[in-house]
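**Q** Coordinates in input.txt, compact mmCIF, C-alpha atoms, are listed below.
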# COMPACT_ATOMS: atom_id res chain seq x y z
CA MET A 821 -16.27 20.13 25.64
CA LYS A 822 -13.98 20.91 22.74
CA ARG A 823 -13.04 17.89 20.66
CA ALA A 824 -9.36 16.99 20.50
CA ARG A 825 -7.76 17.31 17.10
CA VAL A 826 -7.20 14.03 15.33
CA ILE A 827 -4.10 12.69 13.61
CA VAL A 828 -4.92 10.53 10.60
CA LEU A 829 -2.08 8.07 9.98
CA ASP A 830 -2.45 5.66 7.07
CA ASN A 831 0.43 3.42 8.10
CA GLY A 832 1.31 1.66 4.85
CA ALA A 833 4.18 -0.80 4.47
CA SER A 834 5.81 1.44 1.84
CA THR A 835 4.69 4.94 2.72
CA ILE A 836 2.88 6.68 5.56
CA LYS A 837 0.14 9.15 4.65
CA VAL A 838 -0.36 11.48 7.58
CA GLY A 839 -2.16 14.71 8.43
CA VAL A 840 -4.19 16.50 11.10
CA THR A 841 -7.87 17.44 11.04
CA THR A 842 -6.97 21.09 11.55
CA SER A 843 -5.25 21.00 8.12
CA PRO A 844 -7.09 18.18 6.28
CA LYS A 845 -5.70 18.96 2.81
CA ASP A 846 -2.07 19.03 3.93
CA VAL A 847 -1.28 15.33 3.53
CA ARG A 848 2.35 14.30 3.99
CA ILE A 849 3.60 11.17 2.24
CA ILE A 850 6.56 9.79 4.17
CA THR A 851 8.74 6.79 3.38
CA ASN A 852 8.06 4.11 6.00
CA ALA A 853 11.66 2.97 6.29
CA ILE A 854 15.03 3.74 7.78
CA VAL A 855 17.26 4.27 4.77
CA ARG A 856 21.04 3.99 4.79
CA SER A 857 22.95 5.59 1.92
CA LYS A 858 26.09 3.67 1.04
CA VAL A 859 27.46 6.69 -0.85
CA ASP A 860 27.30 9.50 1.71
CA LYS A 861 27.07 7.15 4.74
CA ILE A 862 24.00 8.96 6.09
CA THR A 863 21.02 7.25 7.73
CA TYR A 864 17.60 8.78 7.03
CA PHE A 865 14.64 8.17 9.35
CA GLY A 866 11.28 8.37 7.56
CA HIS A 867 10.64 12.04 6.76
CA GLU A 868 14.38 12.77 6.56
CA PHE A 869 14.58 10.77 3.33
CA ASP A 870 13.32 13.85 1.45
CA ALA A 871 16.77 15.35 2.00
CA CYS A 872 18.55 12.48 0.25
CA LYS A 873 20.33 13.50 -2.97
CA ASP A 874 21.98 10.26 -4.10
CA PHE A 875 19.54 7.35 -4.47
CA SER A 876 22.02 4.73 -5.64
CA SER A 877 22.75 1.62 -3.56
CA LEU A 878 20.33 2.45 -0.75
CA HIS A 879 19.67 -0.02 2.06
CA PHE A 880 16.08 -0.04 3.36
CA ARG A 881 15.17 -1.22 6.85
CA LEU A 882 11.43 -1.77 6.65
CA PRO A 883 9.24 -2.04 9.78
CA PHE A 884 6.90 -4.31 7.79
CA GLU A 885 7.75 -7.83 6.66
CA ARG A 886 5.34 -9.87 4.54
CA GLY A 887 2.60 -7.37 5.22
CA TYR A 888 2.84 -7.22 9.01
CA LEU A 889 4.50 -4.75 11.36
CA VAL A 890 7.28 -6.64 13.16
CA ASP A 891 10.17 -4.17 13.65
CA TRP A 892 8.71 -1.85 16.27
CA ASP A 893 12.02 -0.17 17.06
CA ALA A 894 12.24 1.06 13.46
CA GLN A 895 8.57 2.03 13.40
CA LYS A 896 8.86 4.00 16.63
CA ALA A 897 11.85 5.93 15.30
CA ILE A 898 9.83 6.89 12.21
CA TRP A 899 6.72 7.83 14.23
CA ASP A 900 8.83 9.91 16.62
CA GLY A 901 10.00 11.98 13.68
CA ILE A 902 6.45 12.41 12.39
CA PHE A 903 5.09 13.62 15.73
CA SER A 904 8.08 15.93 16.30
CA ASP A 905 8.28 19.59 15.33
CA HIS A 906 9.96 18.56 12.06
CA VAL A 907 6.63 17.31 10.66
CA LEU A 908 3.38 17.62 12.66
CA ASN A 909 4.64 19.37 15.80
CA ILE A 910 1.93 17.97 18.07
CA ASP A 911 1.57 16.85 21.66
CA THR A 912 0.24 13.29 21.43
CA ALA A 913 -1.23 13.48 24.96
CA GLU A 914 -3.66 16.16 23.73
CA THR A 915 -4.54 14.42 20.46
CA SER A 916 -6.61 11.50 19.18
CA LEU A 917 -5.36 9.02 16.57
CA LEU A 918 -6.94 7.25 13.61
CA ILE A 919 -4.51 4.66 12.27
CA THR A 920 -4.72 1.87 9.70
CA GLU A 921 -3.50 -1.67 10.22
CA PRO A 922 -3.01 -4.69 7.89
CA TYR A 923 -5.91 -6.95 6.97
CA PHE A 924 -6.13 -10.02 9.22
CA ASN A 925 -3.65 -8.51 11.63
CA LEU A 926 -2.40 -10.95 14.27
CA PRO A 927 -3.67 -10.47 17.86
CA ASN A 928 -0.20 -10.20 19.42
CA ILE A 929 0.70 -7.47 16.94
CA GLN A 930 -2.58 -5.67 17.63
CA GLU A 931 -1.73 -5.62 21.33
CA VAL A 932 1.58 -3.90 20.60
CA TYR A 933 -0.36 -1.25 18.63
CA ASP A 934 -2.46 -0.62 21.74
CA GLN A 935 0.57 -0.43 24.00
CA PHE A 936 2.39 2.07 21.82
CA VAL A 937 -0.65 4.29 21.33
CA PHE A 938 -1.70 4.50 24.99
CA GLU A 939 1.41 3.67 27.03
CA GLU A 940 4.19 5.12 24.92
CA TYR A 941 2.51 8.10 23.22
CA GLU A 942 -0.43 8.52 25.64
CA PHE A 943 -3.01 9.49 23.00
CA GLN A 944 -6.42 10.53 24.34
CA SER A 945 -8.22 8.00 22.13
CA TYR A 946 -7.68 6.00 18.99
CA LEU A 947 -9.33 3.96 16.27
CA CYS A 948 -7.43 1.20 14.47
CA THR A 949 -8.97 -0.21 11.30
CA SER A 950 -8.15 -1.56 7.84
CA PRO A 951 -7.85 0.83 4.86
CA ALA A 952 -10.83 -0.61 2.96
CA ALA A 953 -13.13 -0.16 5.97
CA LEU A 954 -12.60 3.61 5.65
CA ILE A 955 -13.61 3.84 1.99
CA PRO A 956 -17.40 4.12 2.64
CA HIS A 957 -16.68 7.43 4.40
CA GLY A 958 -14.86 8.87 1.37
CA GLN A 959 -15.78 9.95 -2.13
CA LEU A 960 -14.60 6.99 -4.22
CA PHE A 961 -18.11 5.68 -4.90
CA SER A 962 -19.81 9.07 -5.06
CA ALA A 963 -21.90 9.86 -8.13
CA PRO A 964 -23.79 13.10 -8.88
CA GLY A 965 -27.39 12.92 -7.70
CA LEU A 966 -27.07 9.41 -6.28
CA PRO A 967 -26.58 8.16 -2.71
CA LYS A 968 -23.52 6.12 -1.86
CA PRO A 969 -24.08 2.40 -2.47
CA GLU A 970 -24.72 0.08 0.46
CA CYS A 971 -22.73 -2.73 -1.16
CA MET A 972 -19.26 -2.21 -2.58
CA LEU A 973 -16.15 -4.22 -3.42
CA VAL A 974 -12.78 -2.59 -2.71
CA VAL A 975 -9.66 -3.82 -4.51
CA ASP A 976 -6.67 -2.73 -2.43
CA ALA A 977 -3.44 -3.38 -4.35
CA GLY A 978 -0.83 -2.47 -1.77
CA PHE A 979 2.88 -2.90 -1.14
CA SER A 980 2.82 -6.49 0.16
CA PHE A 981 -0.49 -8.00 -0.97
CA THR A 982 -3.60 -7.35 -3.02
CA HIS A 983 -6.87 -7.72 -1.11
CA ILE A 984 -10.43 -7.97 -2.41
CA VAL A 985 -12.68 -6.61 0.33
CA PRO A 986 -16.51 -6.67 0.09
CA ILE A 987 -18.30 -4.14 2.28
CA MET A 988 -22.03 -4.00 3.06
CA GLY A 989 -23.60 -1.26 5.14
CA GLY A 990 -20.15 0.03 6.06
CA VAL A 991 -19.11 -3.35 7.52
CA VAL A 992 -16.39 -5.55 6.03
CA LEU A 993 -17.66 -9.05 5.16
CA TRP A 994 -14.56 -10.90 6.31
CA SER A 995 -15.85 -14.31 5.21
CA ALA A 996 -15.56 -13.20 1.58
CA VAL A 997 -12.26 -11.29 1.73
CA LYS A 998 -9.63 -12.68 -0.65
CA ARG A 999 -5.89 -12.11 -0.78
CA ILE A 1000 -3.34 -12.43 -3.57
CA ASP A 1001 0.31 -12.57 -2.53
CA VAL A 1002 1.31 -10.01 -5.15
CA GLY A 1003 1.99 -6.36 -4.34
CA GLY A 1004 4.20 -3.50 -5.34
CA LYS A 1005 7.25 -4.93 -3.56
CA LEU A 1006 7.09 -8.23 -5.43
CA LEU A 1007 6.66 -6.45 -8.78
CA THR A 1008 9.69 -4.23 -8.15
CA ASN A 1009 11.81 -7.21 -7.10
CA HIS A 1010 10.70 -9.17 -10.16
CA LEU A 1011 11.67 -6.26 -12.40
CA LYS A 1012 15.08 -6.07 -10.70
CA GLU A 1013 15.70 -9.74 -11.46
CA LEU A 1014 14.64 -9.49 -15.10
CA VAL A 1015 16.72 -6.39 -15.80
CA SER A 1016 19.75 -7.77 -13.93
CA PHE A 1017 19.59 -10.99 -15.98
CA ARG A 1018 19.08 -9.29 -19.34
CA GLN A 1019 20.93 -5.96 -19.13
CA TRP A 1020 22.39 -4.16 -16.10
CA ASN A 1021 22.98 -5.53 -12.61
CA MET A 1022 20.33 -3.64 -10.65
CA MET A 1023 19.82 -5.97 -7.68
CA GLU A 1024 21.01 -3.29 -5.23
CA GLU A 1025 19.07 -0.46 -6.86
CA THR A 1026 15.59 -0.85 -5.36
CA TYR A 1027 14.76 2.86 -5.46
CA ILE A 1028 15.80 3.30 -9.10
CA MET A 1029 13.96 0.18 -10.29
CA ASN A 1030 10.83 1.24 -8.47
CA ASP A 1031 11.03 4.53 -10.37
CA VAL A 1032 11.45 2.57 -13.63
CA LYS A 1033 8.39 0.49 -12.78
CA GLU A 1034 6.24 3.54 -12.08
CA LYS A 1035 7.34 5.45 -15.19
CA CYS A 1036 7.47 2.67 -17.78
CA CYS A 1037 5.11 -0.18 -16.89
CA TYR A 1038 1.50 -0.56 -18.02
CA VAL A 1039 -1.17 -3.27 -18.01
CA SER A 1040 -1.72 -4.81 -21.43
CA THR A 1041 -5.22 -5.65 -22.65
CA GLN A 1042 -3.74 -7.94 -25.33
CA PHE A 1043 -0.76 -9.59 -23.70
CA VAL A 1044 0.10 -12.13 -26.43
CA ALA A 1045 -0.07 -9.55 -29.22
CA ASP A 1046 2.19 -7.14 -27.32
CA LEU A 1047 4.61 -9.97 -26.59
CA GLU A 1048 4.89 -10.74 -30.30
CA ALA A 1049 5.28 -7.04 -31.12
CA CYS A 1050 8.32 -6.85 -28.85
CA ARG A 1051 10.16 -9.34 -31.04
CA ILE A 1052 10.47 -6.65 -33.72
CA ASP A 1053 13.67 -4.63 -33.96
CA LYS A 1054 13.90 -1.95 -31.25
CA SER A 1055 14.12 0.88 -33.77
CA ARG A 1056 10.74 -0.08 -35.28
CA ASN A 1057 9.01 -1.12 -32.09
CA SER A 1058 6.41 1.20 -30.58
CA ILE A 1059 6.45 -0.58 -27.21
CA VAL A 1060 10.14 -0.37 -26.37
CA GLN A 1061 11.15 2.63 -24.31
CA GLU A 1062 14.61 3.93 -23.44
CA TYR A 1063 15.00 4.77 -19.77
CA VAL A 1064 18.08 6.89 -19.14
CA LEU A 1065 19.60 5.77 -15.85
CA PRO A 1066 20.22 8.57 -13.35
CA ASP A 1067 23.58 10.21 -12.75
CA PHE A 1068 23.42 11.52 -9.21
CA SER A 1069 26.92 12.99 -9.39
CA ARG A 1070 25.41 15.50 -11.82
CA ASN A 1071 22.09 15.71 -9.95
CA ARG A 1072 20.32 14.13 -12.93
CA HIS A 1073 17.41 11.80 -12.26
CA GLY A 1074 16.28 8.97 -14.48
CA TYR A 1075 13.87 9.75 -17.31
CA ILE A 1076 12.33 8.27 -20.46
CA ARG A 1077 14.08 9.53 -23.56
CA GLN A 1078 11.86 10.44 -26.49
CA ARG A 1079 12.61 8.81 -29.81
CA ASP A 1080 13.46 12.04 -31.60
CA ASN A 1081 16.01 13.07 -28.94
CA LEU A 1082 19.64 12.36 -29.72
CA PRO A 1083 21.63 10.36 -27.13
CA ILE A 1084 24.07 12.23 -24.96
CA GLU A 1085 27.58 10.90 -24.53
CA GLY A 1086 28.02 8.96 -21.31
CA GLU A 1087 24.33 8.13 -20.82
CA GLN A 1088 23.50 4.63 -19.70
CA ILE A 1089 20.35 3.31 -21.34
CA LEU A 1090 17.96 0.72 -19.95
CA TYR A 1091 15.77 -0.72 -22.71
CA MET A 1092 12.28 -1.55 -21.46
CA GLY A 1093 10.56 -3.95 -23.87
CA ASN A 1094 8.21 -6.71 -22.76
CA GLU A 1095 9.18 -5.88 -19.17
CA ARG A 1096 6.83 -2.91 -19.44
CA PHE A 1097 3.73 -5.11 -19.41
CA SER A 1098 4.99 -8.51 -18.21
CA ILE A 1099 5.66 -7.10 -14.70
CA PRO A 1100 2.07 -5.89 -13.97
CA GLU A 1101 0.77 -9.04 -15.72
CA VAL A 1102 1.79 -11.00 -12.61
CA MET A 1103 -1.17 -9.45 -10.77
CA PHE A 1104 -3.56 -11.05 -13.25
CA CYS A 1105 -1.56 -14.26 -13.83
CA PRO A 1106 0.54 -15.11 -10.73
CA GLU A 1107 1.40 -18.48 -12.28
CA HIS A 1108 3.80 -16.65 -14.61
CA ILE A 1109 6.27 -16.59 -11.68
CA GLY A 1110 5.25 -19.95 -10.22
CA LEU A 1111 2.75 -18.58 -7.70
CA HIS A 1112 -0.17 -21.00 -7.71
CA GLN A 1113 -2.95 -18.59 -6.82
CA ALA A 1114 -5.93 -17.05 -8.54
CA GLY A 1115 -5.30 -13.89 -10.53
CA LEU A 1116 -7.06 -10.64 -9.70
CA GLY A 1117 -10.08 -11.23 -11.92
CA GLU A 1118 -10.65 -14.76 -10.68
CA ALA A 1119 -10.20 -13.71 -7.04
CA ILE A 1120 -12.88 -11.03 -7.44
CA VAL A 1121 -15.26 -13.62 -8.90
CA GLN A 1122 -14.54 -16.00 -6.00
CA SER A 1123 -15.19 -13.24 -3.48
CA ILE A 1124 -18.52 -12.19 -5.01
CA ASN A 1125 -19.68 -15.82 -5.26
CA LEU A 1126 -19.31 -16.10 -1.47
CA LEU A 1127 -21.80 -13.27 -0.94
CA PRO A 1128 -25.62 -13.53 -0.75
CA GLU A 1129 -26.88 -14.36 -4.23
CA ASP A 1130 -29.59 -11.69 -4.28
CA LEU A 1131 -26.99 -8.98 -3.50
CA GLN A 1132 -24.21 -10.03 -5.85
CA GLY A 1133 -25.38 -7.71 -8.61
CA MET A 1134 -24.81 -4.68 -6.35
CA PHE A 1135 -21.20 -5.73 -5.74
CA TRP A 1136 -20.59 -6.19 -9.48
CA ALA A 1137 -21.84 -2.64 -10.03
CA ASN A 1138 -19.61 -1.06 -7.35
CA ILE A 1139 -15.96 -2.10 -7.65
CA GLY A 1140 -13.45 0.47 -6.38
CA LEU A 1141 -9.69 0.56 -6.87
CA ILE A 1142 -7.23 1.83 -4.25
CA GLY A 1143 -3.53 1.24 -3.61
CA GLY A 1144 -0.46 2.29 -5.57
CA SER A 1145 -0.38 -0.78 -7.84
CA THR A 1146 -3.73 0.21 -9.40
CA ASN A 1147 -2.04 3.29 -10.90
CA PHE A 1148 -0.65 1.36 -13.87
CA PRO A 1149 -2.13 2.67 -17.15
CA GLY A 1150 -4.70 0.23 -18.50
CA PHE A 1151 -5.35 -1.42 -15.13
CA ALA A 1152 -9.11 -0.74 -15.02
CA SER A 1153 -9.60 -1.62 -18.71
CA ARG A 1154 -7.87 -4.97 -18.30
CA LEU A 1155 -9.83 -5.73 -15.14
CA MET A 1156 -13.10 -4.94 -16.93
CA ALA A 1157 -12.12 -7.22 -19.83
CA GLU A 1158 -11.49 -10.07 -17.38
CA LEU A 1159 -14.63 -9.56 -15.32
CA ARG A 1160 -17.21 -9.11 -18.07
CA PRO A 1161 -17.18 -12.76 -19.28
CA CYS A 1162 -17.42 -13.99 -15.68
CA ALA A 1163 -20.36 -11.86 -14.56
CA PRO A 1164 -24.03 -12.72 -15.17
CA MET A 1165 -25.37 -11.24 -18.39
CA ASP A 1166 -27.94 -9.10 -16.57
CA CYS A 1167 -25.36 -7.58 -14.19
CA GLU A 1168 -23.86 -4.17 -14.77
CA ILE A 1169 -20.14 -3.90 -14.02
CA LYS A 1170 -18.76 -0.55 -12.99
CA ILE A 1171 -15.23 0.14 -11.82
CA TYR A 1172 -14.51 3.30 -9.82
CA GLU A 1173 -10.98 4.69 -10.08
CA SER A 1174 -9.44 7.02 -7.51
CA GLU A 1175 -8.08 10.44 -8.37
CA ASN A 1176 -5.11 9.43 -6.22
CA ALA A 1177 -5.17 5.73 -5.36
CA ILE A 1178 -2.30 6.11 -2.88
CA THR A 1179 -4.06 8.68 -0.68
CA GLU A 1180 -7.66 7.49 -1.15
CA ALA A 1181 -7.76 5.67 2.21
CA TYR A 1182 -6.21 8.70 3.93
CA HIS A 1183 -8.82 11.12 2.57
CA SER A 1184 -11.60 8.69 3.53
CA ALA A 1185 -10.15 8.48 7.03
CA MET A 1186 -9.96 12.26 7.22
CA ALA A 1187 -13.65 12.49 6.26
CA LEU A 1188 -14.49 10.13 9.14
CA ALA A 1189 -12.22 12.00 11.56
CA LYS A 1190 -14.15 15.22 11.01
CA THR A 1191 -17.46 13.64 12.07
CA SER A 1192 -18.85 12.85 15.50
CA ALA A 1193 -19.03 9.16 14.53
CA LEU A 1194 -15.32 8.80 15.28
CA THR A 1195 -15.97 9.32 18.99
CA ASN A 1196 -18.33 6.33 19.14
CA LEU A 1197 -15.90 4.11 17.24
CA SER A 1198 -12.76 5.01 19.20
CA VAL A 1199 -11.30 3.65 22.43
CA THR A 1200 -10.28 6.22 25.04
CA ARG A 1201 -7.17 5.92 27.16
CA ALA A 1202 -9.29 5.52 30.30
CA GLU A 1203 -11.17 2.61 28.70
CA TYR A 1204 -7.87 0.98 27.70
CA LEU A 1205 -6.40 1.32 31.18
CA GLU A 1206 -9.52 -0.32 32.59
CA GLY A 1207 -10.16 -3.05 30.01
CA GLY A 1208 -6.81 -3.51 28.24
CA SER A 1209 -6.39 -4.78 24.70
CA ASN A 1210 -9.40 -7.08 24.99
CA TYR A 1211 -11.61 -4.00 25.18
CA CYS A 1212 -9.95 -2.62 22.03
CA ARG A 1213 -10.63 -5.84 20.12
CA LYS A 1214 -14.30 -5.81 21.13
CA LYS A 1215 -14.73 -2.13 20.30
CA PHE A 1216 -13.00 -2.36 16.93
CA GLY A 1217 -14.85 -5.56 16.01
CA MET A 1218 -11.72 -7.35 14.80
CA ASP A 1219 -12.82 -10.92 15.47
CA TYR A 1220 -11.63 -12.63 12.30
CA GLU A 1221 -12.78 -16.02 13.58
CA ARG A 1222 -16.27 -15.08 12.42
CA GLY A 1223 -15.34 -16.38 9.00
CA GLY A 1224 -12.36 -14.39 7.72
CA ASN A 1225 -10.15 -16.23 5.26
CA ASP A 1226 -7.02 -15.76 3.26
CA GLU A 1227 -6.41 -16.50 -0.40
CA GLY A 1228 -7.05 -20.22 0.08
CA GLY A 1229 -10.29 -19.80 2.01
CA ARG A 1230 -8.66 -20.74 5.31
CA THR A 1231 -9.27 -18.95 8.60
CA PRO A 1232 -6.02 -17.37 9.79
CA PRO A 1233 -5.04 -18.80 13.19
CA PRO A 1234 -5.81 -16.05 15.73
CA SER A 1235 -2.89 -17.01 17.92
CA ALA A 1236 -0.34 -17.61 15.18
CA PRO A 1237 3.09 -16.55 16.38
CA ALA A 1238 4.78 -13.63 14.70
CA LYS A 1239 8.38 -12.57 15.08
CA VAL A 1240 7.90 -9.14 16.58
CA ARG A 1241 11.20 -7.37 17.11
CA THR A 1242 10.67 -4.98 19.99
CA ARG A 1243 11.29 -4.49 23.66
CA THR A 1244 8.43 -4.07 26.08
CA VAL A 1245 7.10 -0.55 26.02
CA SER A 1246 7.75 -0.04 29.70
CA ALA A 1247 11.42 -0.87 29.15
CA MET A 1248 11.89 1.51 26.24
CA LYS A 1249 13.44 4.88 26.94
CA ARG A 1250 11.16 7.78 26.09
CA ARG A 1251 12.81 9.96 23.46
Please re-express this file's structure in structure tokens.
**A**
Amino acid sequence: MKRARVIVLDNGASTIKVGVTTSPKDVRIITNAIVRSKVDKITYFGHEFDACKDFSSLHFRLPFERGYLVDWDAQKAIWDGIFSDHVLNIDTAETSLLITEPYFNLPNIQEVYDQFVFEEYEFQSYLCTSPAALIPHGQLFSAPGLPKPECMLVVDAGFSFTHIVPIMGGVVLWSAVKRIDVGGKLLTNHLKELVSFRQWNMMEETYIMNDVKEKCCYVSTQFVADLEACRIDKSRNSIVQEYVLPDFSRNRHGYIRQRDNLPIEGEQILYMGNERFSIPEVMFCPEHIGLHQAGLGEAIVQSINLLPEDLQGMFWANIGLIGGSTNFPGFASRLMAELRPCAPMDCEIKIYESENAITEAYHSAMALAKTSALTNLSVTRAEYLEGGSNYCRKKFGMDYERGGNDEGGRTPPPSAPAKVRTRTVSAMKRR
């Protein structure tokens, strides 16, 4: 029997990475939001955002809130566009699905995943798992002439949170997973507040400030020294950059102006001084913004200390970075500088960086989707109709009560209520 083609959908809170096994290299990165432009009064659903020309004063309706999918009406509208002939052009009833979900996802939200996949879209089969659980199938930890390690520690710095996820034998060790409540969204919002207080009012310019963050920010390996250096006059300061704000009426996007370039009349300049490194610093020192949690280095140490003592050295030697917030220049160097004093003297520390940290989980998922192992891991529609969501939970092995914990070492309540904004699937009109 011919295997059904598989859709790989890395359903991130900021962007969706999606593709089909028949074209594994053709990954589409789609904004996971419904965006309303206040200038041209147009609403863009997911993939349609590529057609937007004026990125000022955009309003984002995000399906995810605080890391969990709660606005299912918005998410369905975005998925409908992805499955349509505008993007993938596929018949979901003749396709299988591999989709990612948040870490420690709540059971009532997981059930809505099942309902949408099998009752609304009628997929043949599907596998729902966390991004880090897919990494063993990819190439992040590959080294020439060596087998992939059995023990690895994945640092997933995403949009809402940063998770430290130990994996042994391809299985996530949930009892040692740690979470920091700092992600790309918080960093962008923090940058908006700093810039709005010091220079321009940018509180409504989320898209522009996110672009500033990605182009200007870096992780400092000597934070105090760089902070002192920024006190020097701007003209003699090597850290300060001039970001030219975009002018969408002239179809001109924002860019960093080089020092030897003369200013153009009418340009609006945003001076990025200590903001360049103080924003990413929050990941390593959350207390800078009053968040009383361990920083990234300390959280990694806490996670490894919860693992079997005779195996801890293997986790120190296999630390992988995924997620968009690990793309800051200097991130791996700073992390190494923080971890080395905390690790045993006889332990080697090695940090693996992704060629593309944003799509690393997608490519790992695609590698799994092209193997026969996916069939054994997936739930078919017939199995769901017979056993319901309980069968999906057993098959996917998502019993977090076995010892899973959040950043404070507490077990998340399995029945904790979540405000899920959706109608029942049976009541929703098929589009």
**Q** Choose the residue, out of A:Lys896, A:Arg1051, A:His1112, A:Arg886, that has the smallest atom-to-atom separation from Gly1004 of chain A; count all atoms listed in the file.
**A**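 Selected residue with least distance to Gly1004 of chain A: A:Arg886.
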**Q** Which residue, A:Leu917, A:Val975, A:Leu889, A:Leu966, has the smallest gap to Glu931 of chain A when you use all atoms listed in the file?
**A** A:Leu889
**Q** So that I can see what lies close to Ser962 of chain A, please list as a PyMOL selection string the residues with an atom at most 12 Å from it, counting only C-alpha atoms and leaving out residues fewer than 2 positions away in the same chain.
**A** chain A and resi 955-960+964-970+972+1138+1140+1172-1174+1184
**Q** Pick the closest to Glu1013 of chain A from A:Glu1129, A:Glu1095, A:Asp1067, A:Glu1062: which is it, counting only C-alpha atoms?
**A**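 The closest residue to Glu1013 of chain A is A:Glu1095.
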**Q** Counting all atoms listed in the file, which of A:Gly1115, A:Gly832, A:Gly839, A:Pro1164 gets nearest to Gly1143 of chain A?
**A** A:Gly832
**Q** Counting all atoms listed in the file, which residue out of A:Thr1008, A:Asp1031, A:Gly1003, A:Glu1085 sits closest to Ala977 of chain A?
**A**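 Using all atoms listed in the file, Ala977 of chain A sits closest to A:Gly1003.
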**Q** Please identify every residue of segment 1116-1203 of chain A that has at least one atom no farther than 8 Å from an atom of segment 978-997 of chain A, counting only C-alpha atoms, and for each give the shortest atom pair and the distance in Å to one decimal, arranged by chain then increasing number, as CSV.
**A**
residue,atom,partner,partner_atom,distance
A:Ala1119,CA,A:Ile984,CA,7.4
A:Ile1120,CA,A:Ile984,CA,6.4
A:Ser1123,CA,A:Ala996,CA,5.1
A:Ile1124,CA,A:Ala996,CA,7.3
A:Leu1126,CA,A:Ala996,CA,5.6
A:Leu1127,CA,A:Ala996,CA,6.7
A:Phe1135,CA,A:Pro986,CA,7.5
A:Gly1143,CA,A:Gly978,CA,4.9
A:Gly1144,CA,A:Gly978,CA,6.1
A:Ser1145,CA,A:Gly978,CA,6.3
**Q** Would you work out the distance separating atom CA of Lys1035 of chain A from atom CA of Ile1076 of chain A, expressed in Å to one decimal?
**A** 7.8 Å
**Q** Taking only C-alpha atoms into account, which of A:Phe936, A:Tyr888, A:Val974, A:Glu1024 comes nearest Ala953 of chain A?
**A**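 Checking each of A:Phe936, A:Tyr888, A:Val974, A:Glu1024 against Ala953 of chain A, counting only C-alpha atoms, the winner is A:Val974.
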**Q** List every protein, DNA or RNA residue that has at least one atom no more than 10 Å from (1.4, -10.7, -20.6) in the file's coordinates, counting all atoms listed in the file, and write the result as JSON, numbers by chain.
**A** {"A": [1039, 1040, 1041, 1042, 1043, 1044, 1045, 1046, 1047, 1094, 1095, 1096, 1097, 1098, 1099, 1100, 1101, 1102, 1104, 1105, 1108]}
**Q** Take atom CA of Gly887 of chain A and atom CA of Arg1213 of chain A and report the distance between them in Å, one decimal.
**A**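 Computing the Euclidean distance for atom CA of Gly887 of chain A and atom CA of Arg1213 of chain A yields 20.0 Å.
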**Q** Restrict the calculation to all atoms listed in the file, then for each residue of segment 1176-1207 of chain A with any atom at most 6 Å from an atom of segment 941-952 of chain A give the closest atom pair and their distance in Å to one decimal, rows by chain and rising residue number, as JSON lines.
**A**
{"residue": "A:Ala1181", "atom": "CA", "partner": "A:Pro951", "partner_atom": "CA", "distance": 5.5}
{"residue": "A:Ser1198", "atom": "CA", "partner": "A:Leu947", "partner_atom": "CA", "distance": 4.6}
{"residue": "A:Val1199", "atom": "CA", "partner": "A:Ser945", "partner_atom": "CA", "distance": 5.3}
{"residue": "A:Thr1200", "atom": "CA", "partner": "A:Ser945", "partner_atom": "CA", "distance": 4.0}
{"residue": "A:Arg1201", "atom": "CA", "partner": "A:Gln944", "partner_atom": "CA", "distance": 5.5}
**Q** Please identify every residue of segment 967-1083 of chain A that has at least one atom no farther than 12 Å from an atom of segment 848-872 of chain A, counting all atoms listed in the file, and for each give the shortest atom pair and the distance in Å to one decimal, arranged by chain then increasing number, as a tab-separated table.
**A**
residue	atom	partner	partner_atom	distance
A:Phe979	CA	A:Asn852	CA	11.3
A:Glu1024	CA	A:Lys858	CA	10.7
A:Glu1025	CA	A:Ser857	CA	11.3
A:Thr1026	CA	A:Val855	CA	11.5
A:Tyr1027	CA	A:Val855	CA	10.6
A:Phe1068	CA	A:Val859	CA	10.5
A:Ser1069	CA	A:Val859	CA	10.6
A:Asn1071	CA	A:Cys872	CA	11.3
**Q** Could you give me, as a PyMOL selection string, the residues within 10 Å of Tyr1091 of chain A, counting all atoms listed in the file and dropping anything in the same chain fewer than 5 positions from it?
**A** chain A and resi 1015+1018-1020+1054+1060-1064+1076+1096
**Q** What is the distance, in Å and to one decimal place, between atom CA of Cys1037 of chain A and atom CA of Glu1168 of chain A?
**A**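 Separating atom CA of Cys1037 of chain A from atom CA of Glu1168 of chain A is a distance of 29.3 Å.
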**Q** Residues near Val826 of chain A, anyone? I mean within 9 Å using only C-alpha atoms, not counting same-chain ones fewer than 3 positions away, as an MDAnalysis selection string.
**A** chainID A and resid 823 839:842 915:918 946 1186 1189:1190
**Q** At a cut-off of 9 Å, using all atoms listed in the file, what residues contact Leu1065 of chain A? Leave out same-chain residues fewer than 2 positions from it and give the result as a ChimeraX atom specification.
**A** /A:1028,1063,1067,1072-1076,1087-1090
**Q** Using all atoms listed in the file, can you list as number ranges by chain the residues within 10 Å of (-13.0, -10.5, -14.7)?
**A** A: 1104, 1115-1121, 1154-1163, 1169
**Q** With 8 Å on each side, where is the centre of the axis-aligned box around all listed atoms of segment 954-958 of chain A, and how long are its edges in Å to one decimal, as JSON?
**A**
{"center_x": -15.0, "center_y": 6.2, "center_z": 3.5, "size_x": 20.8, "size_y": 21.3, "size_z": 20.3}
